[in-house]
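These notes are about the structure you will find just below.
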2 protein chains.
Amino acid sequence: MKIVMMGAGNLATSLGKALLRAGHDMAQVYSRTMASASALAAVLHCQATCDLGALTGDADVYIIAVKDSALRQVAAQACAGRAAGVWLHTAGSMPIDVFKGLVPHYGVLYPMLTFSKAREVDFSVIPTFVEYSDATAQSAVEALAGSVTQRVYPLTSADRRYLHLAAVWACNFANHCYDVAAQLLATRGIPFDVMLPLIDETARKVHRLTPRQAQTGPAVRYDENVIAAQARLMASVDPQLEDLYRRLSTSIHRAAQSPEKNDPKHSQQEE
Amino acid sequence: MKIVMMGAGNLATSLGKALLRAGHDMAQVYSRTMASASALAAVLHCQATCDLGALTGDADVYIIAVKDSALRQVAAQACAGRAAGVWLHTAGSMPIDVFKGLVPHYGVLYPMLTFSKAREVDFSVIPTFVEYSDATAQSAVEALAGSVTQRVYPLTSADRRYLHLAAVWACNFANHCYDVAAQLLATRGIPFDVMLPLIDETARKVHRLTPRQAQTGPAVRYDENVIAAQARLMASVDPQLEDLYRRLSTSIHRAAQSPEKNDPKHSQQEE
């Protein structure tokens with residue numbers, strides 16, 4: 001398929017590379033600045049532009065992979081006169097209907113991973129969630145997603161909001177917890193890599209146990225002496241993080257005493 | 001070495017099994033209840049007791065692996081009359097001097113991992129932090145730790161407080177973030193296992209990048225529209241978690257604008 005990529009950030013770069021490897025014709029890269037458009041276009045061996053008016057009109061698929069806050073504006077400007085193609089966006093938090101009334105064939109292709117330019121990812125295992133306005137969009141988005149990953153799931157915009165929020169917790173917030181750990185260790189000159197076996201095991205555990213079942217530590221036991229001492233230590237490093245420490249400990253303790261919502265895949269393990 | 005294990009929880013179980021496999025003579029298991037003492041003693045093929053007065057007096061090493069809040073009391077009761085052995089505890093948050101004045105040879109053996117009874121762990125890769133009162137304790141704790149893991153590091157009580165607090169963030173708090181994600185997905189009937197590639201990649205990323213460098217998502221970009229919409233969604237599921245969502249987002253944004261403390265192993269990658 002002949003594809004135009006709008007956006008040149010981490011996701012646009014990873015997805016563009018995967019599409020190129022899958023044999024698609026990457027026709028053009030758009031970005032707000034010519035420098036970033038050219039950088040990705042060089043990788044994808046195609047034309048660069050920073051002018052939405054200069055987009056080709058004969059692509060099969062137009063992918064908008066810009067930051068969420070710019071999506072509506074880019075769609076409004078770029079769709080006009082290019083209604084023959086299928087229009088897709090990649091934003092977990094945005095509904096399909098940002099394209100409504102602009103073009104007839106549109107959809108969403110949301111690859112749920114954390115993308116950094118410094119890191120190559122294996123696209124083939126990334127769960128990718130798709131949605132479509134009609135049969136034309138369905139066949140395009142399913143073919144496109146299926147060409148780069150084995151894990152394609154249909155998901156409505158309503159459900160995707162929950163999925164994206166869950167991803168913020170499981171990825172961004174968990175990573176922030178790693179960051180606080182790194183800052184604490186750096187305070188004492190302890191290298192962060194001593195923490196990696198624990199981080200890996202914490203991730204591996206939830207392949208077999210639900211996170212609720214896997215929880216350990218002073219908060220789930222509500223060991224008040226340890227919590228009070230750690231809160232004081234946290235305050236000496238960073239008072240705002242002490243507040244977060246206390247609230248997270250309370251939240252873990254509250255969760256431990258609450259019934260766990262049913263996971264369709266783990267229901268037999270539930271307590 | 002002839003070893004007495006006090007405690008029969010997750011850590012006592014994992015460590016006891018690893019010591020048995022390493023060829024040590026597991027002599028006795030103590031626990032507050034006979035039922036839990038017997039359960040672990042059966043695994044370790046040794047005697048069980050729920051009476052601290054009945055502990056053997058001729059062990060080489062006594063390991064106290066009870067919950068932190070019970071440690072001082074168990075030590076005070078158990079040490080008396082058994083001063084020839086080396087006394088160790090396994091608590092990340094407790095100082096070495098809980099043994100001070102009770103016995104001459106004592107120390108700490110803190111294996112930093114998350115232990116659940118339902119899950120076997122490979123002890124050999126667990127970073128284990130040791131501390132000792134004298135040369136006798138040093139040779140015992142280094143030999144013992146070295147017999148079950150390749151990663152033994154000396155660490156003072158003062159530094160271990162930071163390490164343990166870092167472990168609470170990187171493990172317990174990160175796992176709580178997974179738990180919130182699981183609850184959000186369960187609300188919509190989406191199986192938790194779609195989240196596993198993202199969880200794994202988030203953990204893998206910090207093997208190469210610092211967590212600060214690895215951060216992505218709406219909070220680090222401070223995408224106010226997405227944050228406001230997600231906060232509303234979070235509130236509809238659980239108002240207390242909305243509060244945590246907002247505070248974690250703010251904390252990520254604040255961290256992104258702050259200088260990162262230097263990690264001795266990653267200093268060349270720092271920005």
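Scheme for the structure tokens: letters A, B, ... for chains in order shown; per-chain residue numbers from 1; ligand numbers from 1 in order shown.
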
(request) At a cut-off of 6 Å, list the chain B residues touching chain A, using only C-alpha atoms, as a PyMOL selection string. (result) chain B and resi 113+166+169-171+174+177-179+181+183+186+191+198+202+211-212+261-265

(message) Using only C-alpha atoms, which protein or nucleic acid residues come within 8 Å of Met6 of chain B? Drop anything in the same chain fewer than 5 positions from it, and give the result as a list in words.
(response) Ala12, Val29, Tyr30, Ser31, Tyr62, Ile63, Ile64, Ala65 and Val66 of chain B

(request) Kindly indicate which residue among B:Ala75, B:Leu11, B:Ala80, B:Met1 lies nearest to Pro111 of chain B, using only C-alpha atoms for the distances. (result) B:Leu11

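Taking atom CA of Ser14 of chain B as the reference point, atom CA of Gly146 of chain B is found at 15.5 Å.
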
(request) Quick one: pull the distance between atom CA of Ala48 of chain B and atom CA of Met34 of chain B, Å, one decimal. (result)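 Interatomic distance, atom CA of Ala48 of chain B to atom CA of Met34 of chain B: 7.2 Å.
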
(message) Taking 6 positions as the minimum chain separation for residues in the same chain, which residues sit within 12 Å of segment 35-38 of chain A when counting only C-alpha atoms? Answer as a VMD selection string.
(response) chain A and resid 4 to 10 12 to 13 28 to 29 44 to 52 66

Could you dump the residues just selected with N, CA, C and O atoms as a tab-separated table (two decimals), in the first residue's frame?
chain	number	residue	atom	x	y	z
A	4	VAL	N	1.20	7.64	3.42
A	4	VAL	CA	1.74	8.92	3.86
A	4	VAL	C	1.76	8.92	5.39
A	4	VAL	O	0.75	8.58	6.02
A	5	MET	N	2.90	9.27	5.98
A	5	MET	CA	3.02	9.33	7.44
A	5	MET	C	3.04	10.79	7.87
A	5	MET	O	3.92	11.55	7.45
A	6	MET	N	2.07	11.16	8.72
A	6	MET	CA	2.09	12.52	9.29
A	6	MET	C	2.55	12.42	10.74
A	6	MET	O	1.89	11.77	11.56
A	7	GLY	N	3.65	13.09	11.04
A	7	GLY	CA	4.29	12.96	12.35
A	7	GLY	C	5.65	12.33	12.17
A	7	GLY	O	5.85	11.53	11.23
A	8	ALA	N	6.58	12.71	13.04
A	8	ALA	CA	7.95	12.18	12.93
A	8	ALA	C	8.52	11.90	14.32
A	8	ALA	O	9.73	11.92	14.53
A	9	GLY	N	7.62	11.64	15.27
A	9	GLY	CA	8.04	11.36	16.64
A	9	GLY	C	8.40	9.89	16.82
A	9	GLY	O	8.63	9.16	15.85
A	10	ASN	N	8.43	9.46	18.09
A	10	ASN	CA	8.86	8.10	18.41
A	10	ASN	C	7.97	7.05	17.76
A	10	ASN	O	8.44	6.08	17.18
A	12	ALA	N	5.73	7.47	15.20
A	12	ALA	CA	5.78	7.57	13.74
A	12	ALA	C	7.04	6.88	13.21
A	12	ALA	O	6.99	6.18	12.19
A	13	THR	N	8.14	7.05	13.91
A	13	THR	CA	9.41	6.46	13.47
A	13	THR	C	9.36	4.93	13.55
A	13	THR	O	9.70	4.24	12.58
A	28	GLN	N	5.63	9.52	1.65
A	28	GLN	CA	5.87	10.89	2.11
A	28	GLN	C	5.84	10.93	3.64
A	28	GLN	O	5.08	10.19	4.26
A	29	VAL	N	6.67	11.83	4.20
A	29	VAL	CA	6.60	12.11	5.64
A	29	VAL	C	6.29	13.59	5.81
A	29	VAL	O	6.97	14.44	5.23
A	44	LEU	N	13.13	6.44	5.93
A	44	LEU	CA	12.10	5.71	5.19
A	44	LEU	C	12.31	5.82	3.67
A	44	LEU	O	11.49	5.32	2.90
A	45	HIS	N	13.38	6.51	3.26
A	45	HIS	CA	13.72	6.66	1.83
A	45	HIS	C	12.56	7.25	1.05
A	45	HIS	O	12.11	6.69	0.05
A	46	CYS	N	12.01	8.37	1.56
A	46	CYS	CA	10.89	8.98	0.83
A	46	CYS	C	10.96	10.50	0.95
A	46	CYS	O	11.91	11.05	1.52
A	47	GLN	N	9.97	11.13	0.41
A	47	GLN	CA	9.92	12.58	0.33
A	47	GLN	C	9.50	13.19	1.68
A	47	GLN	O	8.70	12.60	2.41
A	48	ALA	N	10.03	14.37	2.00
A	48	ALA	CA	9.66	15.06	3.23
A	48	ALA	C	8.91	16.35	2.91
A	48	ALA	O	9.18	16.99	1.89
A	49	THR	N	7.96	16.71	3.79
A	49	THR	CA	7.31	18.01	3.64
A	49	THR	C	6.91	18.55	5.00
A	49	THR	O	6.67	17.78	5.94
A	50	CYS	N	6.87	19.89	5.11
A	50	CYS	CA	6.31	20.48	6.33
A	50	CYS	C	5.07	21.29	5.97
A	50	CYS	O	4.61	22.12	6.75
A	51	ASP	N	4.52	21.00	4.80
A	51	ASP	CA	3.35	21.73	4.27
A	51	ASP	C	2.22	20.74	4.03
A	51	ASP	O	2.30	19.89	3.13
A	52	LEU	N	1.16	20.82	4.85
A	52	LEU	CA	0.06	19.87	4.70
A	52	LEU	C	-0.59	19.99	3.32
A	52	LEU	O	-1.14	19.02	2.80
A	66	VAL	N	0.69	12.26	15.12
A	66	VAL	CA	1.18	13.48	15.79
A	66	VAL	C	0.72	13.43	17.24
A	66	VAL	O	-0.03	12.55	17.64

DSSP-assigned strand (DSSP E) among segment 95-264 of chain A, expressed as a compact mmCIF listing (two decimals) with N, CA and C atoms, in the first residue's frame:
# COMPACT_ATOMS: atom_id res chain seq x y z
N TYR A 106 -12.25 5.86 7.42
CA TYR A 106 -11.29 6.25 8.45
C TYR A 106 -11.27 5.23 9.58
N GLY A 107 -10.26 5.34 10.40
CA GLY A 107 -10.15 4.37 11.49
C GLY A 107 -9.01 4.71 12.43
N VAL A 108 -8.72 3.76 13.32
CA VAL A 108 -7.69 3.92 14.33
C VAL A 108 -6.79 2.69 14.28
N LEU A 109 -5.49 2.93 14.41
CA LEU A 109 -4.50 1.85 14.53
C LEU A 109 -3.63 2.25 15.73
N TYR A 110 -3.91 1.63 16.87
CA TYR A 110 -3.22 2.01 18.13
C TYR A 110 -2.29 0.88 18.56
N PRO A 111 -0.99 1.03 18.31
CA PRO A 111 -0.03 0.03 18.78
C PRO A 111 0.32 0.38 20.22
N THR A 128 -1.96 -4.47 18.96
CA THR A 128 -2.39 -3.31 18.19
C THR A 128 -3.91 -3.34 18.06
N PHE A 129 -4.53 -2.23 18.46
CA PHE A 129 -5.98 -2.16 18.57
C PHE A 129 -6.51 -1.32 17.42
N VAL A 130 -7.50 -1.89 16.69
CA VAL A 130 -7.99 -1.23 15.49
C VAL A 130 -9.49 -0.95 15.58
N GLU A 131 -9.89 0.07 14.83
CA GLU A 131 -11.30 0.47 14.76
C GLU A 131 -11.47 1.05 13.36
N TYR A 132 -12.70 1.02 12.84
CA TYR A 132 -12.90 1.45 11.45
C TYR A 132 -14.32 1.96 11.24
N VAL A 152 -3.51 -8.32 16.50
CA VAL A 152 -4.44 -7.26 16.12
C VAL A 152 -5.79 -7.53 16.77
N TYR A 153 -6.29 -6.55 17.50
CA TYR A 153 -7.58 -6.70 18.17
C TYR A 153 -8.51 -5.55 17.80
N PRO A 154 -9.77 -5.84 17.44
CA PRO A 154 -10.73 -4.74 17.29
C PRO A 154 -11.11 -4.21 18.67

(request) Write out as an MDAnalysis selection string each polymer residue whose atoms come within 10 Å of Ala22 of chain B, counting only C-alpha atoms; drop sequence neighbours fewer than 6 positions from it. (result) chainID B and resid 16 144 146:149
